[in-house]
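Visitor: File work-v2.txt follows (compact mmCIF, C-alpha atoms):
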# COMPACT_ATOMS: atom_id res chain seq x y z
CA MET A 24 14.16 48.92 7.81
CA ILE A 25 14.53 45.33 9.04
CA ASN A 26 18.00 43.91 8.40
CA ARG A 27 18.84 40.34 7.44
CA ARG A 28 19.69 39.31 10.99
CA GLU A 29 16.34 40.57 12.29
CA PHE A 30 14.47 38.82 9.51
CA ILE A 31 16.23 35.52 10.26
CA THR A 32 15.23 36.00 13.90
CA LEU A 33 11.62 36.54 12.78
CA LEU A 34 11.72 33.26 10.88
CA GLY A 35 12.66 31.59 14.15
CA GLY A 36 16.05 30.48 12.94
CA ALA A 37 14.47 27.23 11.77
CA ALA A 38 16.36 27.18 8.51
CA VAL A 39 19.61 28.23 10.18
CA ALA A 40 19.97 26.05 13.23
CA CYS A 41 17.36 23.30 13.35
CA PRO A 42 17.99 20.13 15.42
CA LEU A 43 17.96 16.88 13.45
CA ALA A 44 14.88 15.62 15.29
CA VAL A 45 12.94 18.74 14.36
CA ARG A 46 14.12 18.50 10.75
CA ALA A 47 12.95 14.90 10.61
CA GLN A 48 9.57 15.98 11.96
CA GLN A 49 9.34 18.82 9.44
CA SER A 50 10.12 16.47 6.54
CA ALA A 51 6.76 14.78 7.11
CA MET A 52 4.92 18.10 7.02
CA PRO A 53 3.48 19.71 3.91
CA VAL A 54 5.80 22.43 2.66
CA VAL A 55 4.75 25.85 1.37
CA GLY A 56 7.13 27.80 -0.83
CA PHE A 57 7.04 31.56 -0.13
CA LEU A 58 8.59 33.33 -3.11
CA ARG A 59 9.14 37.04 -3.77
CA SER A 60 10.86 38.85 -6.60
CA ALA A 61 11.87 41.59 -4.16
CA THR A 62 13.85 41.26 -0.94
CA LEU A 63 12.44 39.56 2.13
CA THR A 64 14.29 41.78 4.57
CA ASP A 65 11.64 44.50 4.56
CA ALA A 66 8.69 42.11 4.26
CA ALA A 67 8.50 40.88 7.86
CA HIS A 68 5.00 42.31 8.32
CA LEU A 69 3.83 40.52 5.18
CA VAL A 70 5.28 37.24 6.42
CA THR A 71 3.52 37.77 9.75
CA ALA A 72 0.21 38.38 7.96
CA PHE A 73 0.74 35.29 5.79
CA ARG A 74 1.35 33.20 8.90
CA GLN A 75 -1.81 34.58 10.47
CA GLY A 76 -3.77 33.45 7.42
CA LEU A 77 -2.24 29.99 7.62
CA LYS A 78 -3.21 29.85 11.28
CA GLU A 79 -6.79 30.81 10.48
CA ALA A 80 -6.86 27.86 8.08
CA GLY A 81 -5.52 25.52 10.77
CA PHE A 82 -1.79 25.50 10.03
CA VAL A 83 1.05 26.70 12.25
CA GLU A 84 4.56 26.92 10.86
CA GLY A 85 6.85 24.43 12.55
CA GLN A 86 3.95 22.41 13.98
CA ASN A 87 1.98 21.05 11.04
CA VAL A 88 3.41 22.95 8.06
CA ALA A 89 6.89 24.01 6.95
CA VAL A 90 7.64 27.12 4.90
CA GLU A 91 10.58 27.55 2.53
CA TYR A 92 11.40 31.25 1.94
CA ARG A 93 12.99 32.37 -1.32
CA SER A 94 13.75 35.80 -2.79
CA ALA A 95 15.17 36.97 -6.12
CA GLU A 96 16.45 40.08 -4.29
CA GLY A 97 15.17 42.36 -7.05
CA GLN A 98 16.80 40.33 -9.83
CA PRO A 99 13.99 38.83 -11.95
CA ASP A 100 16.38 36.59 -13.88
CA ARG A 101 16.88 34.59 -10.68
CA LEU A 102 13.21 33.63 -10.39
CA GLN A 103 13.35 30.71 -12.84
CA ALA A 104 15.96 28.87 -10.76
CA LEU A 105 14.14 29.64 -7.51
CA VAL A 106 10.85 28.26 -8.82
CA ALA A 107 12.61 25.14 -10.13
CA ASP A 108 14.21 24.66 -6.72
CA LEU A 109 10.83 24.82 -4.96
CA VAL A 110 9.26 22.41 -7.45
CA ARG A 111 12.11 19.91 -6.88
CA ARG A 112 11.79 20.29 -3.10
CA PRO A 113 8.86 19.46 -3.65
CA VAL A 114 6.46 21.96 -2.16
CA ALA A 115 2.71 21.43 -1.81
CA VAL A 116 1.88 25.00 -2.84
CA ILE A 117 3.80 28.11 -3.94
CA VAL A 118 2.82 31.54 -2.58
CA ALA A 119 4.20 34.30 -4.79
CA ASN A 120 4.03 38.00 -5.53
CA ASN A 121 3.12 39.12 -9.05
CA GLU A 122 6.42 38.68 -10.89
CA ALA A 123 7.21 35.44 -9.09
CA ALA A 124 3.73 34.08 -9.85
CA VAL A 125 4.10 34.82 -13.56
CA ARG A 126 7.34 32.82 -13.61
CA ALA A 127 5.90 30.02 -11.48
CA LYS A 128 2.88 29.69 -13.77
CA ALA A 129 5.19 29.35 -16.77
CA THR A 130 7.24 26.69 -14.97
CA THR A 131 4.70 24.29 -13.46
CA THR A 132 1.17 23.24 -14.32
CA THR A 133 0.88 20.84 -11.38
CA VAL A 134 2.07 22.60 -8.21
CA PRO A 135 -0.72 24.89 -6.89
CA ILE A 136 0.16 28.60 -6.95
CA VAL A 137 -1.40 31.35 -4.84
CA PHE A 138 -0.48 34.85 -6.00
CA VAL A 139 -0.82 38.31 -4.52
CA THR A 140 -0.87 41.14 -7.04
CA GLY A 141 -1.70 44.82 -7.26
CA GLY A 142 -2.91 44.43 -10.83
CA ASP A 143 -5.68 42.67 -12.71
CA PRO A 144 -4.74 38.97 -12.82
CA PHE A 145 -7.05 38.34 -15.78
CA THR A 146 -5.50 41.09 -17.90
CA GLU A 147 -2.05 39.91 -16.87
CA GLY A 148 -2.84 36.38 -18.06
CA LEU A 149 -2.54 34.74 -14.67
CA VAL A 150 -6.10 33.38 -14.64
CA ASN A 151 -8.81 32.49 -17.16
CA SER A 152 -11.42 34.37 -15.14
CA LEU A 153 -11.71 35.90 -11.69
CA ASN A 154 -14.55 33.60 -10.60
CA ARG A 155 -13.07 30.37 -11.96
CA PRO A 156 -9.33 30.86 -12.39
CA GLY A 157 -8.69 27.48 -14.02
CA GLY A 158 -5.44 25.53 -14.01
CA ASN A 159 -3.26 25.42 -10.92
CA ILE A 160 -3.42 29.07 -9.87
CA THR A 161 -5.54 31.50 -7.87
CA GLY A 162 -4.88 34.31 -5.43
CA VAL A 163 -5.58 37.81 -4.21
CA SER A 164 -5.55 41.14 -6.04
CA PHE A 165 -5.47 44.44 -4.17
CA LEU A 166 -5.98 46.34 -7.45
CA SER A 167 -3.45 49.14 -6.95
CA SER A 168 -3.17 49.79 -10.69
CA ALA A 169 -6.86 50.63 -11.08
CA LEU A 170 -6.90 53.51 -8.60
CA ALA A 171 -5.04 56.24 -10.50
CA ALA A 172 -8.07 58.50 -11.01
CA LYS A 173 -9.01 58.45 -7.34
CA GLN A 174 -5.40 58.95 -6.23
CA LEU A 175 -5.01 61.98 -8.48
CA GLU A 176 -8.30 63.42 -7.21
CA LEU A 177 -7.19 63.05 -3.57
CA LEU A 178 -3.75 64.48 -4.24
CA ARG A 179 -5.25 67.54 -5.95
CA GLN A 180 -7.40 68.20 -2.88
CA LEU A 181 -4.18 68.52 -0.91
CA VAL A 182 -2.26 70.34 -3.66
CA PRO A 183 -5.06 72.20 -5.53
CA LYS A 184 -2.71 74.37 -7.60
CA ALA A 185 -0.85 71.38 -9.08
CA THR A 186 -1.02 71.28 -12.87
CA VAL A 187 2.04 69.19 -13.73
CA MET A 188 2.25 65.69 -12.26
CA ALA A 189 4.90 62.99 -12.44
CA ALA A 190 4.28 59.25 -12.29
CA LEU A 191 7.02 56.97 -10.96
CA VAL A 192 6.91 53.53 -12.62
CA ASP A 193 9.06 50.40 -12.56
CA PRO A 194 9.33 49.44 -16.27
CA ASN A 195 10.26 45.87 -15.37
CA TYR A 196 7.03 45.32 -13.45
CA SER A 197 4.73 43.07 -15.46
CA ASN A 198 1.80 45.44 -14.87
CA ALA A 199 3.72 48.61 -15.82
CA GLU A 200 1.99 49.25 -19.16
CA ILE A 201 -1.46 48.96 -17.60
CA GLN A 202 -0.42 51.28 -14.77
CA LEU A 203 0.89 53.87 -17.23
CA ARG A 204 -2.23 53.76 -19.36
CA ASN A 205 -4.47 54.18 -16.31
CA VAL A 206 -2.58 57.11 -14.84
CA GLN A 207 -2.23 58.87 -18.21
CA GLU A 208 -5.96 58.53 -18.91
CA ALA A 209 -6.77 59.80 -15.40
CA ALA A 210 -4.49 62.81 -15.84
CA ARG A 211 -5.93 63.61 -19.25
CA SER A 212 -9.49 63.44 -17.88
CA ALA A 213 -8.50 65.82 -15.08
CA GLY A 214 -6.84 68.27 -17.47
CA LEU A 215 -3.39 67.66 -16.01
CA GLN A 216 0.00 67.32 -17.63
CA ILE A 217 1.80 64.17 -16.57
CA GLY A 218 5.38 63.12 -17.11
CA VAL A 219 6.59 59.57 -16.61
CA VAL A 220 9.80 58.78 -14.75
CA LYS A 221 11.03 55.20 -14.61
CA ALA A 222 13.19 53.27 -12.16
CA SER A 223 14.10 49.61 -11.80
CA ASN A 224 17.10 49.97 -9.45
CA ALA A 225 18.16 52.25 -6.60
CA GLY A 226 20.31 54.48 -8.79
CA GLU A 227 17.51 55.00 -11.27
CA ILE A 228 15.24 56.18 -8.44
CA ASP A 229 17.69 59.00 -7.71
CA ALA A 230 17.81 59.83 -11.43
CA ALA A 231 14.00 59.73 -11.66
CA PHE A 232 13.67 62.38 -8.95
CA ALA A 233 16.30 64.55 -10.65
CA SER A 234 14.23 64.26 -13.83
CA LEU A 235 10.90 65.14 -12.24
CA ILE A 236 12.47 68.18 -10.59
CA GLN A 237 13.83 69.22 -13.98
CA GLN A 238 10.31 68.78 -15.39
CA ARG A 239 9.03 71.08 -12.62
CA ALA A 240 6.50 68.52 -11.45
CA ASP A 241 4.15 69.90 -8.79
CA ALA A 242 3.35 66.49 -7.33
CA LEU A 243 4.07 62.78 -7.70
CA ILE A 244 1.97 59.64 -7.99
CA THR A 245 3.99 56.49 -7.24
CA GLN A 246 2.81 53.32 -8.93
CA GLY A 247 2.73 49.77 -7.57
CA GLY A 248 5.09 46.82 -7.85
CA ALA A 249 7.34 44.85 -5.53
CA PHE A 250 10.54 46.72 -6.44
CA LEU A 251 9.22 50.22 -5.76
CA PHE A 252 7.57 48.93 -2.58
CA SER A 253 10.91 47.50 -1.41
CA ARG A 254 12.53 50.92 -1.98
CA ARG A 255 9.76 52.91 -0.26
CA ASN A 256 12.10 54.42 2.33
CA GLN A 257 14.37 55.78 -0.40
CA ILE A 258 11.41 57.11 -2.41
CA VAL A 259 9.80 58.79 0.59
CA ALA A 260 13.12 60.33 1.66
CA LEU A 261 13.72 61.76 -1.83
CA ALA A 262 10.19 63.17 -2.01
CA MET A 263 10.81 64.92 1.29
CA ARG A 264 14.26 66.14 0.30
CA HIS A 265 12.91 67.70 -2.88
CA ALA A 266 9.67 68.87 -1.20
CA VAL A 267 7.49 66.99 -3.69
CA PRO A 268 3.97 66.17 -2.43
CA ALA A 269 3.28 62.53 -3.31
CA ILE A 270 0.56 59.92 -3.08
CA TYR A 271 1.37 56.23 -2.83
CA PRO A 272 -0.59 53.01 -3.43
CA LEU A 273 -0.09 51.43 0.00
CA ARG A 274 -0.31 52.45 3.66
CA ASP A 275 3.28 51.29 4.24
CA TYR A 276 4.58 54.34 2.38
CA ALA A 277 2.70 56.73 4.67
CA VAL A 278 3.99 54.84 7.71
CA ALA A 279 7.50 55.31 6.31
CA GLY A 280 6.90 59.08 6.18
CA GLY A 281 5.12 59.46 2.85
CA LEU A 282 2.56 62.24 2.57
CA MET A 283 -0.52 60.15 1.78
CA SER A 284 -1.64 56.79 0.45
CA TYR A 285 -4.80 55.39 -1.02
CA GLY A 286 -5.39 51.75 -1.75
CA ALA A 287 -6.30 48.38 -0.35
CA SER A 288 -4.24 46.74 2.38
CA ASN A 289 -1.46 44.51 1.05
CA THR A 290 -0.98 43.22 4.60
CA ASP A 291 -4.51 41.87 4.59
CA ALA A 292 -3.92 40.51 1.09
CA TYR A 293 -1.06 38.39 2.45
CA ARG A 294 -3.29 37.19 5.27
CA GLN A 295 -5.86 36.10 2.69
CA VAL A 296 -3.12 34.38 0.70
CA GLY A 297 -2.22 32.42 3.83
CA VAL A 298 -5.85 31.34 4.23
CA TYR A 299 -5.99 30.22 0.60
CA ALA A 300 -2.71 28.29 0.93
CA GLY A 301 -4.13 26.49 3.98
CA ARG A 302 -7.33 25.63 2.15
CA ILE A 303 -5.33 24.16 -0.72
CA LEU A 304 -3.31 22.09 1.76
CA LYS A 305 -6.65 20.70 2.94
CA GLY A 306 -7.49 19.58 -0.59
CA GLU A 307 -9.29 22.44 -2.33
CA LYS A 308 -8.44 23.05 -5.99
CA PRO A 309 -7.12 26.49 -7.00
CA ALA A 310 -8.98 26.26 -10.31
CA GLU A 311 -12.27 26.47 -8.38
CA MET A 312 -11.24 29.14 -5.86
CA PRO A 313 -12.23 32.64 -7.05
CA VAL A 314 -9.65 35.40 -7.05
CA LEU A 315 -10.21 37.50 -3.93
CA GLN A 316 -10.55 41.25 -4.34
CA PRO A 317 -10.59 44.07 -1.79
CA THR A 318 -13.88 45.33 -0.44
CA LYS A 319 -12.44 48.34 1.40
CA PHE A 320 -9.91 50.98 0.39
CA GLU A 321 -8.15 53.17 2.91
CA LEU A 322 -6.91 56.73 2.78
CA VAL A 323 -3.97 57.46 5.07
CA ILE A 324 -2.47 60.93 5.59
CA ASN A 325 0.78 61.67 7.38
CA LEU A 326 0.12 65.03 9.07
CA THR A 327 3.72 65.39 10.18
CA THR A 328 4.89 65.21 6.57
CA ALA A 329 2.14 67.60 5.46
CA LYS A 330 3.35 70.15 8.02
CA VAL A 331 6.98 69.80 6.91
CA LEU A 332 5.88 70.39 3.32
CA GLY A 333 3.83 73.41 4.40
CA LEU A 334 0.53 71.88 3.32
CA ASP A 335 -2.79 72.48 5.06
CA VAL A 336 -5.03 69.42 4.98
CA PRO A 337 -8.61 70.54 4.17
CA ASP A 338 -11.30 69.47 6.61
CA ARG A 339 -13.22 67.76 3.81
CA LEU A 340 -10.17 65.58 3.09
CA LEU A 341 -9.62 64.79 6.76
CA ALA A 342 -13.25 63.70 6.94
CA LEU A 343 -12.51 61.06 4.28
CA THR A 344 -9.35 59.82 5.96
CA ASP A 345 -9.29 56.34 7.49
CA GLU A 346 -6.05 56.92 9.40
CA VAL A 347 -4.05 59.98 10.36
CA ILE A 348 -0.37 59.57 11.22
CA GLU A 349 1.06 62.27 13.50
Turn this file's structure into structure tokens for me.

Guide:
Amino acid sequence: MINRREFITLLGGAAVACPLAVRAQQSAMPVVGFLRSATLTDAAHLVTAFRQGLKEAGFVEGQNVAVEYRSAEGQPDRLQALVADLVRRPVAVIVANNEAAVRAKATTTTVPIVFVTGGDPFTEGLVNSLNRPGGNITGVSFLSSALAAKQLELLRQLVPKATVMAALVDPNYSNAEIQLRNVQEAARSAGLQIGVVKASNAGEIDAAFASLIQQRADALITQGGAFLFSRRNQIVALAMRHAVPAIYPLRDYAVAGGLMSYGASNTDAYRQVGVYAGRILKGEKPAEMPVLQPTKFELVINLTTAKVLGLDVPDRLLALTDEVIE
């Protein structure tokens, strides 16, 4: 996990120790607000991808664009003040994850907003339509909440005797109800029992695993959301400790030691967000920029974790795998 000092180093120290001449130069640059509901300390790779997108659009941080980074540190009630601060700054565009975008949309109708979400932005009320979002907002969806059926199918190929599943959900995530409905319908269609365990802080994650063990869950499907993503190391470690085979929505979990993941790349989603932010800085209107959606989904399997859990990965599943971690 990247600590605060390392993250500040990644940001170049610009906000910490910036000469007056450089600050004066930056004041004439357009400013992008980068806002997350979850912590920034484990999001260095997302920031790097965002910067890459900006660069592809012709903007380099510190040269012709400045970026103000803000985080609610997992406390949603802080988002309102953070958005207001960015609007007062003022920023030319706000880049935000799902929860932050919902709050930003409710706060300003003039500052352009570019969101990145794992849900359906139309269902969530972020946009009027995917092709013509309307208003001051557009963005990227990597659709993690719509993949429950496929994730359960893949997990059952690895754990064919599983009959009782558990779903880990953050109840404070704005897309939580949609996630639950999707995973419950997928389980019902597959003839599986599924229990729901909920967590919105670190302590509740520990309690959720104690509950799923008590429920004798054979396997776990972890849902999306910035909070659970920020606690992926804790979740993966608990799954290993309790020997619970689990599938996750993003590759980052498998890299952290999770058994398997299936979903679109959130890293590439942040790159696309950077491109969109750059295009808006050049004068394009978010209302006319269609919401971008993934065209490729990737299956990642951590063979080391599979071996520790005593699982044999079938050849037919390996043949479908985009990446194997050993």

Visitor: Can you tell me how far atom CA of A:Ile228 sits from atom CA of A:Asn195, in Å to one decimal?

Guide: 13.4 Å

Visitor: Choose the residue, out of A:Leu273, A:Ala189, A:Ala262, A:Val182, that has the smallest atom-to-atom separation from A:Ala249; count only C-alpha atoms.

Guide: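 That would be A:Leu273, the residue with the smallest distance to A:Ala249.
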
Visitor: With distances taken over only C-alpha atoms, which of A:Gly85, A:Pro135, A:Pro194, A:Pro144 is nearest to A:Val110?

Guide: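 Ranking A:Gly85, A:Pro135, A:Pro194, A:Pro144 by distance to A:Val110, first place goes to A:Pro135.
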
Visitor: Could you list, as a ChimeraX atom specification, every residue within 8 Å of stretch 332-334 of chain A, counting all atoms listed in the file and ignoring same-chain residues fewer than 4 positions away?

Guide: /A:181-182,263,266-268,328

Visitor: Can you tell me, as a compact mmCIF listing (two decimals) with C-alpha atoms, keeping the file's coordinate frame, what residues are no more than 8 Å from A:Tyr271 when counting only C-alpha atoms, ignoring any on the same chain fewer than 3 positions away?

Guide:
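Contents of the output file out_4.txt:
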# COMPACT_ATOMS: atom_id res chain seq x y z
CA ILE A 244 1.97 59.64 -7.99
CA THR A 245 3.99 56.49 -7.24
CA GLN A 246 2.81 53.32 -8.93
CA ARG A 274 -0.31 52.45 3.66
CA TYR A 276 4.58 54.34 2.38
CA ALA A 277 2.70 56.73 4.67
CA GLY A 281 5.12 59.46 2.85
CA MET A 283 -0.52 60.15 1.78
CA SER A 284 -1.64 56.79 0.45
CA TYR A 285 -4.80 55.39 -1.02

Visitor: Restrict the calculation to only C-alpha atoms, then for each residue of stretch 155-265 of chain A with any atom at most 12 Å from an atom of stretch 116-133 of chain A give the closest atom pair and their distance in Å to one decimal, rows by chain and rising residue number, as a tab-separated table.

Guide:
residue	atom	partner	partner_atom	distance
A:Gly157	CA	A:Thr132	CA	10.7
A:Gly158	CA	A:Thr132	CA	7.0
A:Asn159	CA	A:Thr132	CA	6.0
A:Ile160	CA	A:Lys128	CA	7.4
A:Thr161	CA	A:Ala124	CA	9.8
A:Gly162	CA	A:Val118	CA	8.7
A:Val163	CA	A:Asn120	CA	9.7
A:Ser164	CA	A:Asn121	CA	9.4
A:Phe165	CA	A:Asn121	CA	11.2
A:Leu166	CA	A:Asn121	CA	11.7
A:Asn195	CA	A:Glu122	CA	9.3
A:Tyr196	CA	A:Glu122	CA	7.1
A:Ser197	CA	A:Glu122	CA	6.6
A:Asn198	CA	A:Asn121	CA	8.7
A:Ala199	CA	A:Glu122	CA	11.4
A:Gly247	CA	A:Asn121	CA	10.8
A:Gly248	CA	A:Asn121	CA	8.0
A:Ala249	CA	A:Asn120	CA	7.6
A:Phe250	CA	A:Glu122	CA	10.1
A:Phe252	CA	A:Asn120	CA	11.9

Visitor: Choose the residue, out of A:Asp193, A:Glu311, A:Asp108, A:Glu321, that has the smallest atom-to-atom separation from A:Asn224; count only C-alpha atoms.

Guide: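 Of A:Asp193, A:Glu311, A:Asp108, A:Glu321, the one nearest A:Asn224, counting only C-alpha atoms, is A:Asp193.
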
Visitor: Quick one: distance from atom CA of A:Ala104 to atom CA of A:Leu58 in Å, one decimal?

Guide: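 Atom CA of A:Leu58 lies 11.5 Å from atom CA of A:Ala104.
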
Visitor: Given 4 Å of margin on each side, can you work out the centre and size in Å (one decimal) of an axis-aligned box holding every listed atom of stretch 72-87 of chain A, as AutoDock Vina command-line options?

Guide:
--center_x 0.0 --center_y 29.7 --center_z 9.9 --size_x 21.7 --size_y 25.3 --size_z 16.2

Visitor: Determine the nearest neighbour of A:Ser167 from the options A:Ile324, A:Leu235, A:Leu215, A:Ala287, counting only C-alpha atoms.

Guide: A:Ala287

Visitor: Using only C-alpha atoms, which residue out of A:Arg339, A:Lys221, A:Arg111, A:Lys305 lies closest to A:Asn87?

Guide: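 Smallest distance to A:Asn87 is found for A:Lys305.
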
Visitor: Could you work out how far atom CA of A:Ala115 lies from atom CA of A:Gly56, giving the answer in Å with one decimal?

Guide: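 These atoms are spaced 7.8 Å apart.
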
Visitor: Using only C-alpha atoms, can you tell me which of A:Arg204, A:Arg59, A:His265, A:Arg101 comes closest to A:Ala242?

Guide: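 Smallest distance to A:Ala242 is found for A:His265.
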
Visitor: For stretch 60-77 of chain A, list every protein, DNA or RNA residue within 7 Å, evaluated using all atoms listed in the file, and leave out those in the same chain fewer than 6 positions away; present the list as number ranges by chain.

Guide: A: 24-27, 30, 83, 94-99, 102, 120, 122-123, 249-250, 253, 290-291, 293-298, 300-301

Visitor: List every protein, DNA or RNA residue with an atom no more than 9 Å from (4.2, 59.8, 10.5) in the file's coordinates, counting all atoms listed in the file, and format the result as a list of chain:residue names.

Guide: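 Residues found, by chain and rising number: A:Ala277, A:Val278, A:Ala279, A:Gly280, A:Gly281, A:Leu282, A:Ile324, A:Asn325, A:Leu326, A:Thr327, A:Thr328, A:Val347, A:Ile348, A:Glu349.
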
Visitor: Residues at most 12 Å from A:Gln207, counting all atoms listed in the file, excluding those fewer than 3 positions away in the same chain, as JSON, numbers by chain?

Guide: {"A": [168, 169, 170, 171, 172, 175, 188, 189, 190, 191, 192, 200, 201, 202, 203, 204, 210, 211, 212, 213, 214, 215, 216, 217, 218, 219, 244, 246]}
